[in-house]
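Undergrad: Provided herewith is a single structure, encoded as structure tokens, for subsequent inquiry.
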Amino acid sequence: MSKQVVAVVGRPNVGKSTLFNALAGSRISIVEDTPGVTRDRIYADVEWLDYTFTLVDTGGIEPDSPDIILSQMREQAKIAIDTADVVIFLTDVRQGLVDDDQRVADILRKSQKPVILVVNKVDDFDKFMPDVYEFYNLGLGDPVPVSAKNKLGIGDMLDSVIEFFPDDAKEEIEDDRPRIAIVGKPNVGKSSIINKLSGENRVIVSDVPGTTRDAVDMEIVHNGKEYVFIDTAGIRRKNKIKQELEHFMIIRAVTAVERANVVVLVIDATEGVTEQDAKIAGIAHERGKGMIIAVNKWDAVEEKNDKTIYRVTEDIRKTLSFMPYAKLIFISAKTGQRMSKIFSTIDTVMENQNLRIATGVLNEIIIEAVAMQQVPQDKGKRLKIFYATQVAVGPPTFVIFVNDKKLMHFSYQRYLENRIRDTFGFEGTPLRFIIRERKENR
């Protein structure tokens, strides 16, 4: 069962970001200085009672130009509704009920999606409750008063949200089928790849960037094995996001990556790898997903020679240096060149995502690595590694017990990771390491 998606919608300056931060807490901030990891977080996992859901901040839905207000608000509200399982419609008690609130409410009221009407900035319930009653006029049920700034009424709001979650939202339904998210910038050929793999034109293909707006699940059978491909909308650079439409495309890609086992990042061979590709890849890396980089339109590269593929590979590895484990394939959805290799590459990455190493074998590798390269030390105190064990898969996760985790320098942890990869490969999957302290007398 994939996580439920809850979208926060509303006019600008009603406190959406404040509410988002209050719910997301520390999860919203990324402190690692890792290239390619997105720092403009518009989504976060939120836990309430026994539920975990993905919260998305939709930004203001008021258009820039007043003459197109109604048409754009309709489109943006429609995308918000399509994206979310539950919609939190945030209003402002201090501004009162305004015409734009009514326009959005008209659209939401006609939808089949659950809507929680929330009135923000109610810092004093006794003082502002008479003003809250005004929002009954929206026809969306009982308004829930909150103060996002002071975190008042948040629990009641979340109780209302999870009432609309299905009974099995707490459970993880077993599904052994590989789930593959196809991500990348607009117009790099994501839908063309899906069509080629499926053998039919099941996804609209157009030269107009942004044709695909939904994350579409598609079942494809290859050699008797079933795969689920998730085709996502293209992601554009921030300075090209002129409409909230593009904002929701990013949300779709993020939620698709969340649901996937393996992510295929599609790069246009004629354009080369870009910093935007690195930001997209960073989403998958951060989530610990298996990673394949598909360089599409390889047939359109002019003046190729025996060194071209090595030059392109070097450029990609340099820009995506934070994920050297990613599998790299050169394809052409138009001609079908190397397209069949996608399935075998997915199988390899899935195997590595679920690979387990016996504790005894793992510690033999660690002991040998320590013997080959001296452990870090600080002020006469030397790092001691007691033992390591694998605790999870998807991605493979290891716990290393040491005498002082402050002495485990990042570079030495990377060295140990490289030694493990030298032995077992783990191509296509990130590895996670958890450093724990243990007293020496234990």
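FYI, nothing fancy with the structure tokens labels: chains A, B, ... in order, residues from 1 per chain, ligands from 1 as they appear.
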Quick one: everything within 10 Å of Arg356 (chain A), counting only C-alpha atoms, minus sequence neighbours fewer than 2 positions away in the same chain. Send it as an MDAnalysis selection string.
TA: chainID A and resid 351:354 358:359 362 389:393 396:397 424
Undergrad: What does the structure give for the distance between CA of Glu302 (chain A) and CA of Ala181 (chain A), in Å to one decimal?
TA: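 Taking CA of Glu302 (chain A) and CA of Ala181 (chain A), their separation equals 29.1 Å.
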Undergrad: Let's see if you can do this: from backbone DSSP, list all strand (DSSP E or B) residues in region 171-415 of chain A, as number ranges by chain.
TA: A: 179-184, 216-222, 225-231, 262-268, 290-296, 327-330, 332, 337, 377-378, 381-382, 385-392, 397-402
Undergrad: Near region 375-386 of chain A, within 8 Å and counting only C-alpha atoms, which residues show up once chain neighbours fewer than 2 positions away are dropped, as a PyMOL selection string?
TA: chain A and resi 370+373+388+400-404+407-409+412
Undergrad: What does the file look like for those residues with N, CA and C atoms, as an mmCIF file, in the first residue's frame?
TA:
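Result file follows (part24.cif):
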data_model
loop_
_atom_site.group_PDB
_atom_site.id
_atom_site.type_symbol
_atom_site.label_atom_id
_atom_site.label_comp_id
_atom_site.auth_asym_id
_atom_site.auth_seq_id
_atom_site.Cartn_x
_atom_site.Cartn_y
_atom_site.Cartn_z
ATOM 1 N N VAL A 370 40.410 -2.516 7.432
ATOM 2 C CA VAL A 370 41.108 -1.793 8.495
ATOM 3 C C VAL A 370 42.601 -2.093 8.466
ATOM 4 N N GLN A 373 44.150 0.017 5.550
ATOM 5 C CA GLN A 373 44.200 1.475 5.697
ATOM 6 C C GLN A 373 43.919 1.850 7.141
ATOM 7 N N ALA A 388 30.238 -5.214 12.539
ATOM 8 C CA ALA A 388 29.201 -4.642 11.675
ATOM 9 C C ALA A 388 28.194 -5.726 11.333
ATOM 10 N N ILE A 400 27.324 -0.217 12.041
ATOM 11 C CA ILE A 400 28.718 -0.429 12.434
ATOM 12 C C ILE A 400 28.893 0.057 13.866
ATOM 13 N N PHE A 401 29.324 -0.822 14.739
ATOM 14 C CA PHE A 401 29.534 -0.480 16.149
ATOM 15 C C PHE A 401 30.983 -0.060 16.366
ATOM 16 N N VAL A 402 31.157 1.152 16.958
ATOM 17 C CA VAL A 402 32.494 1.712 17.158
ATOM 18 C C VAL A 402 32.619 2.230 18.588
ATOM 19 N N ASN A 403 33.828 2.610 18.960
ATOM 20 C CA ASN A 403 34.037 3.152 20.302
ATOM 21 C C ASN A 403 33.628 4.619 20.402
ATOM 22 N N ASP A 404 33.767 5.362 19.308
ATOM 23 C CA ASP A 404 33.395 6.781 19.299
ATOM 24 C C ASP A 404 33.005 7.152 17.870
ATOM 25 N N LEU A 407 34.741 9.776 15.645
ATOM 26 C CA LEU A 407 36.000 9.454 14.970
ATOM 27 C C LEU A 407 35.783 8.807 13.597
ATOM 28 N N MET A 408 34.529 8.392 13.314
ATOM 29 C CA MET A 408 34.234 7.775 12.013
ATOM 30 C C MET A 408 34.069 8.890 10.978
ATOM 31 N N HIS A 409 35.176 9.288 10.392
ATOM 32 C CA HIS A 409 35.146 10.347 9.394
ATOM 33 C C HIS A 409 34.400 9.879 8.151
ATOM 34 N N TYR A 412 36.409 7.905 5.684
ATOM 35 C CA TYR A 412 36.711 6.507 6.030
ATOM 36 C C TYR A 412 35.471 5.632 5.852
#
Undergrad: I'd like to know which of A:Lys334, A:Lys225, A:Lys149, A:Arg421 is closest to Ser17 (chain A), using only C-alpha atoms.
TA: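 Closest to Ser17 (chain A) of all the choices is A:Lys149.
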Undergrad: Can you measure CA of Thr52 (chain A) to CA of Asp85 (chain A) for me? One decimal in Å is fine.
TA: 13.1 Å
Undergrad: Name the residues in contact with Thr54 (chain A) at a cut-off of 9 Å, using only C-alpha atoms, excluding same-chain residues fewer than 6 positions from it; report them as a list of chain:residue names.
TA: A:Lys3, A:Gln4, A:Val5, A:Val6, A:Ala7, A:Tyr43, A:Ala44, A:Asp45, A:Val46, A:Glu47, A:Thr255
Undergrad: Go through A:Val9, A:Ile193, A:Ala84, A:Val221 and flag the residue nearest Val118 (chain A), using only C-alpha atoms for the distances.
TA: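 So, comparing all the options, the nearest one is A:Val9.
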Undergrad: Please indicate the distance in Å from CA of Pro12 (chain A) to CA of Pro186 (chain A), rounded to one decimal place.
TA: 27.2 Å
Undergrad: May I have the residues within 8 Å of Asp123 (chain A) as an NGL selection string, using only C-alpha atoms and disregarding those fewer than 2 positions away in the same chain?
TA: :A and (121 or 125 or 128 or 146-147 or 150 or 152)
Undergrad: Export, as a PDB file, in the first residue's frame, the selected residues with all heavy atoms.
TA:
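Once written, again.pdb looks like this:
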ATOM      1  N   LYS A 121      -4.657  30.875  11.577  1.00  0.00           N
ATOM      2  CA  LYS A 121      -4.367  32.104  12.320  1.00  0.00           C
ATOM      3  C   LYS A 121      -5.385  32.372  13.430  1.00  0.00           C
ATOM      4  O   LYS A 121      -5.613  33.535  13.816  1.00  0.00           O
ATOM      5  CB  LYS A 121      -4.264  33.310  11.371  1.00  0.00           C
ATOM      6  CG  LYS A 121      -3.209  33.114  10.272  1.00  0.00           C
ATOM      7  CD  LYS A 121      -3.065  34.327   9.378  1.00  0.00           C
ATOM      8  CE  LYS A 121      -2.068  34.053   8.270  1.00  0.00           C
ATOM      9  NZ  LYS A 121      -1.891  35.203   7.349  1.00  0.00           N
ATOM     10  N   PHE A 125      -8.864  31.183  20.490  1.00  0.00           N
ATOM     11  CA  PHE A 125     -10.108  30.550  20.099  1.00  0.00           C
ATOM     12  C   PHE A 125     -11.324  31.343  20.570  1.00  0.00           C
ATOM     13  O   PHE A 125     -12.316  31.490  19.852  1.00  0.00           O
ATOM     14  CB  PHE A 125     -10.168  29.110  20.624  1.00  0.00           C
ATOM     15  CG  PHE A 125      -9.405  28.134  19.764  1.00  0.00           C
ATOM     16  CD1 PHE A 125      -8.193  28.478  19.181  1.00  0.00           C
ATOM     17  CD2 PHE A 125      -9.894  26.864  19.529  1.00  0.00           C
ATOM     18  CE1 PHE A 125      -7.485  27.594  18.399  1.00  0.00           C
ATOM     19  CE2 PHE A 125      -9.192  25.962  18.730  1.00  0.00           C
ATOM     20  CZ  PHE A 125      -7.993  26.320  18.170  1.00  0.00           C
ATOM     21  N   PHE A 128     -11.619  34.527  18.203  1.00  0.00           N
ATOM     22  CA  PHE A 128     -11.816  34.416  16.754  1.00  0.00           C
ATOM     23  C   PHE A 128     -12.901  33.421  16.338  1.00  0.00           C
ATOM     24  O   PHE A 128     -13.237  33.366  15.150  1.00  0.00           O
ATOM     25  CB  PHE A 128     -10.494  34.019  16.075  1.00  0.00           C
ATOM     26  CG  PHE A 128      -9.461  35.108  16.056  1.00  0.00           C
ATOM     27  CD1 PHE A 128      -8.355  35.055  16.893  1.00  0.00           C
ATOM     28  CD2 PHE A 128      -9.594  36.182  15.192  1.00  0.00           C
ATOM     29  CE1 PHE A 128      -7.399  36.051  16.874  1.00  0.00           C
ATOM     30  CE2 PHE A 128      -8.643  37.188  15.166  1.00  0.00           C
ATOM     31  CZ  PHE A 128      -7.546  37.123  16.008  1.00  0.00           C
ATOM     32  N   VAL A 146      -7.343  26.442  13.482  1.00  0.00           N
ATOM     33  CA  VAL A 146      -5.971  26.116  13.880  1.00  0.00           C
ATOM     34  C   VAL A 146      -5.142  27.395  13.929  1.00  0.00           C
ATOM     35  O   VAL A 146      -5.528  28.433  13.370  1.00  0.00           O
ATOM     36  CB  VAL A 146      -5.292  25.125  12.901  1.00  0.00           C
ATOM     37  CG1 VAL A 146      -6.092  23.847  12.753  1.00  0.00           C
ATOM     38  CG2 VAL A 146      -5.030  25.773  11.546  1.00  0.00           C
ATOM     39  N   SER A 147      -4.008  27.282  14.595  1.00  0.00           N
ATOM     40  CA  SER A 147      -2.970  28.303  14.514  1.00  0.00           C
ATOM     41  C   SER A 147      -1.680  27.578  14.160  1.00  0.00           C
ATOM     42  O   SER A 147      -1.061  26.940  15.024  1.00  0.00           O
ATOM     43  CB  SER A 147      -2.814  29.057  15.834  1.00  0.00           C
ATOM     44  OG  SER A 147      -1.672  29.893  15.788  1.00  0.00           O
ATOM     45  N   ASN A 150       1.359  28.820  16.184  1.00  0.00           N
ATOM     46  CA  ASN A 150       1.424  28.405  17.582  1.00  0.00           C
ATOM     47  C   ASN A 150       1.107  26.924  17.787  1.00  0.00           C
ATOM     48  O   ASN A 150       1.050  26.456  18.924  1.00  0.00           O
ATOM     49  CB  ASN A 150       0.458  29.249  18.413  1.00  0.00           C
ATOM     50  CG  ASN A 150       0.809  30.729  18.388  1.00  0.00           C
ATOM     51  OD1 ASN A 150       1.975  31.091  18.486  1.00  0.00           O
ATOM     52  ND2 ASN A 150      -0.201  31.581  18.243  1.00  0.00           N
ATOM     53  N   LEU A 152      -1.684  25.246  17.388  1.00  0.00           N
ATOM     54  CA  LEU A 152      -2.940  25.012  18.097  1.00  0.00           C
ATOM     55  C   LEU A 152      -3.942  24.359  17.145  1.00  0.00           C
ATOM     56  O   LEU A 152      -4.056  24.763  15.987  1.00  0.00           O
ATOM     57  CB  LEU A 152      -3.521  26.326  18.623  1.00  0.00           C
ATOM     58  CG  LEU A 152      -2.664  27.130  19.601  1.00  0.00           C
ATOM     59  CD1 LEU A 152      -3.331  28.465  19.926  1.00  0.00           C
ATOM     60  CD2 LEU A 152      -2.419  26.323  20.874  1.00  0.00           C
TER      61      LEU A 152
END
Undergrad: Counting only C-alpha atoms, figure out which residue out of A:Tyr227, A:Ile267, A:Met372, A:Asn305 gets nearest to Tyr415 (chain A).
TA: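 Closest to Tyr415 (chain A) of all the choices is A:Met372.
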Undergrad: Quick one: of A:Leu355, A:Gly272, A:Ala284, A:Gly96, who's nearest to Ile316 (chain A), counting only C-alpha atoms?
TA: A:Gly272
Undergrad: What's around Leu320 (chain A) at 10 Å? Count only C-alpha atoms, leave out sequence neighbours fewer than 5 positions away in its own chain, and write the answer as a PyMOL selection string.
TA: chain A and resi 35-36+273-275+277-279+281-282+314-315+325-326
Undergrad: Counting only C-alpha atoms, which residue out of A:Asn13, A:Val98, A:Asp299, A:Ala294 sits closest to Thr313 (chain A)?
TA: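 Among the listed residues, the smallest separation from Thr313 (chain A) belongs to A:Ala294.
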Undergrad: I'd like to know which of A:Glu286, A:Glu417, A:Asp156, A:Glu271 is closest to Val257 (chain A), using only C-alpha atoms.
TA: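 Looking only at the distances to Val257 (chain A), the closest residue turns out to be A:Glu286.
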Undergrad: Find the spatial neighbours of Asp142 (chain A), counting only C-alpha atoms, within a cut-off of 12 Å - ignore same-chain residues fewer than 5 positions away - and output them as a ChimeraX atom specification.
TA: /A:89,115-119,132-137,156-157,160
Undergrad: Would you mind exporting the chosen residues as a short mmCIF file (atom, residue, chain, number, x, y, z; two decimals), in the first residue's frame, restricted to all heavy atoms?
TA:
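Listing of again27.cif after writing:
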data_model
loop_
_atom_site.label_atom_id
_atom_site.label_comp_id
_atom_site.auth_asym_id
_atom_site.auth_seq_id
_atom_site.Cartn_x
_atom_site.Cartn_y
_atom_site.Cartn_z
N PHE A 89 -7.88 22.40 2.68
CA PHE A 89 -8.14 23.72 2.11
C PHE A 89 -7.94 24.75 3.21
O PHE A 89 -8.74 24.85 4.13
CB PHE A 89 -9.56 23.76 1.54
CG PHE A 89 -9.95 25.09 0.94
CD1 PHE A 89 -8.99 25.98 0.47
CD2 PHE A 89 -11.29 25.45 0.85
CE1 PHE A 89 -9.34 27.19 -0.08
CE2 PHE A 89 -11.66 26.66 0.30
CZ PHE A 89 -10.69 27.53 -0.17
N VAL A 115 -12.31 16.81 1.42
CA VAL A 115 -11.74 18.13 1.65
C VAL A 115 -11.91 18.48 3.13
O VAL A 115 -13.02 18.40 3.67
CB VAL A 115 -12.42 19.20 0.78
CG1 VAL A 115 -11.83 20.58 1.09
CG2 VAL A 115 -12.25 18.88 -0.70
N ILE A 116 -10.81 18.85 3.77
CA ILE A 116 -10.85 19.33 5.15
C ILE A 116 -10.70 20.85 5.10
O ILE A 116 -9.67 21.37 4.68
CB ILE A 116 -9.70 18.73 6.00
CG1 ILE A 116 -9.65 17.21 5.86
CG2 ILE A 116 -9.86 19.15 7.46
CD1 ILE A 116 -10.87 16.50 6.34
N LEU A 117 -11.74 21.56 5.51
CA LEU A 117 -11.69 23.02 5.53
C LEU A 117 -11.02 23.48 6.83
O LEU A 117 -11.50 23.18 7.92
CB LEU A 117 -13.10 23.60 5.43
CG LEU A 117 -13.23 25.11 5.59
CD1 LEU A 117 -12.43 25.85 4.51
CD2 LEU A 117 -14.70 25.54 5.57
N VAL A 118 -9.90 24.15 6.71
CA VAL A 118 -9.11 24.57 7.88
C VAL A 118 -9.00 26.10 7.87
O VAL A 118 -8.66 26.70 6.84
CB VAL A 118 -7.71 23.94 7.86
CG1 VAL A 118 -6.89 24.40 9.06
CG2 VAL A 118 -7.82 22.42 7.84
N VAL A 119 -9.32 26.71 9.00
CA VAL A 119 -9.23 28.16 9.14
C VAL A 119 -8.00 28.46 10.00
O VAL A 119 -7.94 28.10 11.18
CB VAL A 119 -10.50 28.74 9.78
CG1 VAL A 119 -10.40 30.27 9.85
CG2 VAL A 119 -11.73 28.33 8.99
N VAL A 132 -14.74 32.38 12.66
CA VAL A 132 -14.58 31.07 12.02
C VAL A 132 -15.90 30.59 11.45
O VAL A 132 -15.95 29.98 10.37
CB VAL A 132 -14.02 30.04 13.03
CG1 VAL A 132 -14.05 28.62 12.44
CG2 VAL A 132 -12.59 30.41 13.44
N TYR A 133 -17.00 30.91 12.14
CA TYR A 133 -18.31 30.43 11.70
C TYR A 133 -18.68 30.95 10.31
O TYR A 133 -19.47 30.35 9.59
CB TYR A 133 -19.39 30.84 12.71
CG TYR A 133 -19.19 30.24 14.08
CD1 TYR A 133 -19.46 30.97 15.24
CD2 TYR A 133 -18.72 28.92 14.21
CE1 TYR A 133 -19.28 30.41 16.50
CE2 TYR A 133 -18.53 28.37 15.46
CZ TYR A 133 -18.81 29.11 16.60
OH TYR A 133 -18.62 28.55 17.84
N GLU A 134 -18.08 32.07 9.91
CA GLU A 134 -18.36 32.64 8.59
C GLU A 134 -18.01 31.67 7.47
O GLU A 134 -18.63 31.67 6.41
CB GLU A 134 -17.55 33.95 8.43
CG GLU A 134 -17.71 34.60 7.06
CD GLU A 134 -16.79 35.79 6.87
OE1 GLU A 134 -15.86 35.96 7.70
OE2 GLU A 134 -16.98 36.53 5.89
N PHE A 135 -17.01 30.78 7.73
CA PHE A 135 -16.53 29.90 6.68
C PHE A 135 -17.47 28.72 6.43
O PHE A 135 -17.25 27.94 5.50
CB PHE A 135 -15.11 29.41 7.02
CG PHE A 135 -14.07 30.50 6.90
CD1 PHE A 135 -13.81 31.35 7.97
CD2 PHE A 135 -13.39 30.69 5.71
CE1 PHE A 135 -12.87 32.36 7.86
CE2 PHE A 135 -12.44 31.69 5.60
CZ PHE A 135 -12.19 32.54 6.67
N TYR A 136 -18.51 28.57 7.23
CA TYR A 136 -19.55 27.60 6.92
C TYR A 136 -20.20 27.91 5.57
O TYR A 136 -20.74 27.03 4.90
CB TYR A 136 -20.63 27.58 8.01
CG TYR A 136 -20.32 26.67 9.18
CD1 TYR A 136 -19.85 27.21 10.39
CD2 TYR A 136 -20.49 25.29 9.08
CE1 TYR A 136 -19.57 26.38 11.47
CE2 TYR A 136 -20.22 24.46 10.16
CZ TYR A 136 -19.76 25.01 11.35
OH TYR A 136 -19.47 24.16 12.42
N ASN A 137 -20.14 29.19 5.17
CA ASN A 137 -20.75 29.61 3.92
C ASN A 137 -20.09 28.98 2.69
O ASN A 137 -20.65 29.03 1.59
CB ASN A 137 -20.70 31.14 3.79
CG ASN A 137 -21.59 31.84 4.80
OD1 ASN A 137 -22.69 31.37 5.08
ND2 ASN A 137 -21.10 32.94 5.36
N ASP A 156 -6.53 18.06 16.07
CA ASP A 156 -7.91 17.90 15.59
C ASP A 156 -7.95 17.87 14.07
O ASP A 156 -8.72 17.11 13.47
CB ASP A 156 -8.78 19.06 16.11
CG ASP A 156 -9.00 19.00 17.62
OD1 ASP A 156 -8.86 17.89 18.18
OD2 ASP A 156 -9.31 20.05 18.21
N MET A 157 -7.12 18.70 13.45
CA MET A 157 -7.07 18.72 12.00
C MET A 157 -6.59 17.37 11.44
O MET A 157 -7.17 16.82 10.51
CB MET A 157 -6.15 19.84 11.52
CG MET A 157 -6.05 19.96 10.00
SD MET A 157 -4.67 21.01 9.48
CE MET A 157 -3.26 19.98 9.92
N SER A 160 -9.11 14.67 11.60
CA SER A 160 -10.07 14.78 10.51
C SER A 160 -9.50 14.24 9.20
O SER A 160 -10.21 13.63 8.40
CB SER A 160 -10.48 16.25 10.31
OG SER A 160 -11.10 16.77 11.47
#
Undergrad: Any chance you could tabulate, as a tab-separated table, the residues of region 257-327 of chain A at most 9 Å from region 337-350 of chain A with each one's nearest atom pair and distance in Å to one decimal, using only C-alpha atoms, in chain and rising number order?
TA:
residue	atom	partner	partner_atom	distance
A:Asn261	CA	A:Met350	CA	7.4
A:Val262	CA	A:Ile346	CA	7.1
A:Val264	CA	A:Ile346	CA	8.9
A:Gly290	CA	A:Val349	CA	6.1
A:Met291	CA	A:Val349	CA	7.5
A:Ile292	CA	A:Ile346	CA	7.8
A:Ala294	CA	A:Ile342	CA	8.5
A:Trp298	CA	A:Gln337	CA	8.3
A:Asp299	CA	A:Gln337	CA	8.0
A:Lys327	CA	A:Thr345	CA	7.6
Undergrad: Create the file for the chosen residues now, containing N, CA and C atoms and written as an mmCIF file, in the first residue's frame.
TA:
data_model
loop_
_atom_site.group_PDB
_atom_site.id
_atom_site.type_symbol
_atom_site.label_atom_id
_atom_site.label_comp_id
_atom_site.auth_asym_id
_atom_site.auth_seq_id
_atom_site.Cartn_x
_atom_site.Cartn_y
_atom_site.Cartn_z
ATOM 1 N N ASN A 261 10.601 0.955 -6.621
ATOM 2 C CA ASN A 261 11.791 0.243 -6.160
ATOM 3 C C ASN A 261 13.035 0.738 -6.885
ATOM 4 N N VAL A 262 12.857 0.975 -8.186
ATOM 5 C CA VAL A 262 13.956 1.404 -9.047
ATOM 6 C C VAL A 262 13.523 2.656 -9.788
ATOM 7 N N VAL A 264 14.438 5.168 -13.023
ATOM 8 C CA VAL A 264 15.178 5.341 -14.271
ATOM 9 C C VAL A 264 15.187 6.832 -14.599
ATOM 10 N N GLY A 290 16.889 2.182 -6.006
ATOM 11 C CA GLY A 290 17.793 1.704 -7.040
ATOM 12 C C GLY A 290 17.816 2.704 -8.179
ATOM 13 N N MET A 291 18.988 2.848 -8.840
ATOM 14 C CA MET A 291 19.134 3.937 -9.812
ATOM 15 C C MET A 291 19.712 3.457 -11.131
ATOM 16 N N ILE A 292 19.014 3.798 -12.213
ATOM 17 C CA ILE A 292 19.481 3.543 -13.568
ATOM 18 C C ILE A 292 19.446 4.866 -14.320
ATOM 19 N N ALA A 294 19.397 6.309 -17.951
ATOM 20 C CA ALA A 294 19.175 5.935 -19.343
ATOM 21 C C ALA A 294 19.439 7.143 -20.233
ATOM 22 N N TRP A 298 20.251 8.321 -28.276
ATOM 23 C CA TRP A 298 21.649 8.073 -28.632
ATOM 24 C C TRP A 298 21.825 8.052 -30.150
ATOM 25 N N ASP A 299 20.767 7.694 -30.872
ATOM 26 C CA ASP A 299 20.832 7.671 -32.340
ATOM 27 C C ASP A 299 20.974 9.074 -32.926
ATOM 28 N N LYS A 327 23.627 2.543 -12.437
ATOM 29 C CA LYS A 327 23.845 1.806 -13.684
ATOM 30 C C LYS A 327 23.578 2.736 -14.861
#
